Number of protein chains: 2
Amino acid sequence: MKLYDWNIAPNPRRVRIFLAEKGIEVPTEEVGEGFELKKEYLEKNPHRTVPLLELDDGTLISEAPAICRYFETEHPEPPLMGRDAKERALVDMWERKAELEGGQGAGEVLRNGLPPYADRALAGYSVPIPQIEQLVERGKVRVAEFYKKMDERLGEATFLAGDNFSLADITALCVTDFATIIGLPVPDECANLKRWHAEVSARPSAAA
Amino acid sequence: MKLYDWNIAPNPRRVRIFLAEKGIEVPTEEVGEGFELKKEYLEKNPHRTVPLLELDDGTLISEAPAICRYFETEHPEPPLMGRDAKERALVDMWERKAELEGGQGAGEVLRNGLPPYADRALAGYSVPIPQIEQLVERGKVRVAEFYKKMDERLGEATFLAGDNFSLADITALCVTDFATIIGLPVPDECANLKRWHAEVSARPSAAA
């Protein structure tokens, strides 16, 4: 088994934190170089993204939450994807909100604004995807809305899915830190989100 | 328990087919009207999208795969989200590929090109999201790449996650039918995808 990783990218970090919380060690290989994925890796992985998990039988599992699902099923303790039907649904829901609103918004800002991503404005494509300048502004709006939504939710619950730390928190942490790195930090008025961010960042897994 | 539905939208159909495959009946309410969601519904659901599942304790579960996760846990038979760790990961992975590449691509074409969606180019926002003309072309490229990827996968496996019909097939079916409706049918050269599409469309659940 091997995990293909790219240390600076936000999506592999979701898996690294998840594994650290579970106490699982997996051999990893770094496949990023500058702003690119290495050529040999792109030839191996038709999905052209990180992270990627290669099982011993050669099966390739792409997509961070799918990789986490593999480990959640093989190593259920501690549960990070929900303990019953309702919590499982809430983990999936909040993880998607964090990724599809915040993560995609931050991705739009980065990939449509930075020269090295010219013609690679979306990850995972072998055909050119040109940058669209207006998506930089749209991405900023999406990140702002993500922060507002998370702040509201974290005013009514300790963690995104309720009482228990979960993959939803891991993804929202990675998205928040990624947005911060590209110049979109959590606004001061989001006190609940800041409380939560300090708490989840203090877990040892956050260093992963 | 109640499922908030919009008959013409692709995401609620994912849940309807899933429930039909499980043989579960849930009271539903239609909340769409023309090109809009009804105002009372938007006030109820802060996520402003369909489908939405309301549990008896008032919990709101948004996002189609999260709703399916709820029912998969409560009613495991027949399994539609994987039977073991590897299959579960492959279901999640292929479901995401279908939605994030094909579904989002088709959504870009529709929402950035159709006048009723002016300032609502992304679903789920309470702030204006202006249309961006270039996303219509980008969306078409994404749908074409989705078809190619699905066709390749379905040349090596009966269903997207392998030997068993799953939520990944349900989502890919809904995406394919939605793309077809907006003028982007499966190209003739995608023979594997066409074989699979005929098979999954012949299941009684496809009428849901």
# chains A, B, ... in the order shown; residues from 1 in each chain; ligands from 1
>>> residues_around(residues="region 78-94 of chain A", least_positions_apart="2", cutoff="9 Å", atoms="only C-alpha atoms", output="ChimeraX atom specification")
/A:18,21-22,68-69,72,75-76,96-99,150,160-162,164-169,171-172 /B:55,59-74
>>> residues_around(residues="Lys2 (chain B)", least_positions_apart="3", cutoff="9 Å", atoms="only C-alpha atoms", output="ChimeraX atom specification")
/B:26-29,52-56
>>> select_by_dssp(residues="region 43-89 of chain A", states="helix (DSSP H, G or I)", output="list of chain:residue names")
A:Glu43, A:Lys44, A:Ala64, A:Pro65, A:Ala66, A:Ile67, A:Cys68, A:Arg69, A:Tyr70, A:Phe71, A:Glu72, A:Thr73, A:Glu74, A:Ala85, A:Lys86, A:Glu87, A:Arg88, A:Ala89
>>> write_last_selection(atoms="C-alpha atoms", output="PDB file, in the first residue's frame")
ATOM      1  CA  GLU A  43       1.175   8.844 -16.282  1.00  0.00           C
ATOM      2  CA  LYS A  44       0.305   6.497 -13.430  1.00  0.00           C
ATOM      3  CA  ALA A  64      -9.508  12.383  -0.354  1.00  0.00           C
ATOM      4  CA  PRO A  65     -12.894  11.387   1.180  1.00  0.00           C
ATOM      5  CA  ALA A  66     -12.853   8.064  -0.715  1.00  0.00           C
ATOM      6  CA  ILE A  67      -9.406   7.279   0.706  1.00  0.00           C
ATOM      7  CA  CYS A  68     -10.653   8.194   4.177  1.00  0.00           C
ATOM      8  CA  ARG A  69     -13.682   5.911   3.668  1.00  0.00           C
ATOM      9  CA  TYR A  70     -11.289   3.031   2.975  1.00  0.00           C
ATOM     10  CA  PHE A  71      -9.455   3.543   6.254  1.00  0.00           C
ATOM     11  CA  GLU A  72     -12.645   4.247   8.226  1.00  0.00           C
ATOM     12  CA  THR A  73     -13.972   0.838   7.169  1.00  0.00           C
ATOM     13  CA  GLU A  74     -10.707  -1.028   7.804  1.00  0.00           C
ATOM     14  CA  ALA A  85     -27.019   7.203  10.592  1.00  0.00           C
ATOM     15  CA  LYS A  86     -27.663  10.810  11.541  1.00  0.00           C
ATOM     16  CA  GLU A  87     -24.071  11.622  12.453  1.00  0.00           C
ATOM     17  CA  ARG A  88     -22.753   9.895   9.332  1.00  0.00           C
ATOM     18  CA  ALA A  89     -25.072  11.989   7.200  1.00  0.00           C
TER      19      ALA A  89
END
>>> atom_distance(atom1="CA of Trp6 (chain A)", atom2="CA of Ser201 (chain A)")
20.1 Å
>>> closest_atom_pairs(of="region 131-169 of chain B", to="region 121-139 of chain A", cutoff="8 Å", atoms="only C-alpha atoms", output="CSV")
residue,atom,partner,partner_atom,distance
B:Ile132,CA,A:Gln134,CA,7.3
B:Gln134,CA,A:Ile132,CA,7.3
B:Arg138,CA,A:Ile129,CA,7.2
>>> closest_residue(among="B:Met1, B:Cys190, B:Leu100, B:Leu154", to="chain A", atoms="only C-alpha atoms")
B:Leu100
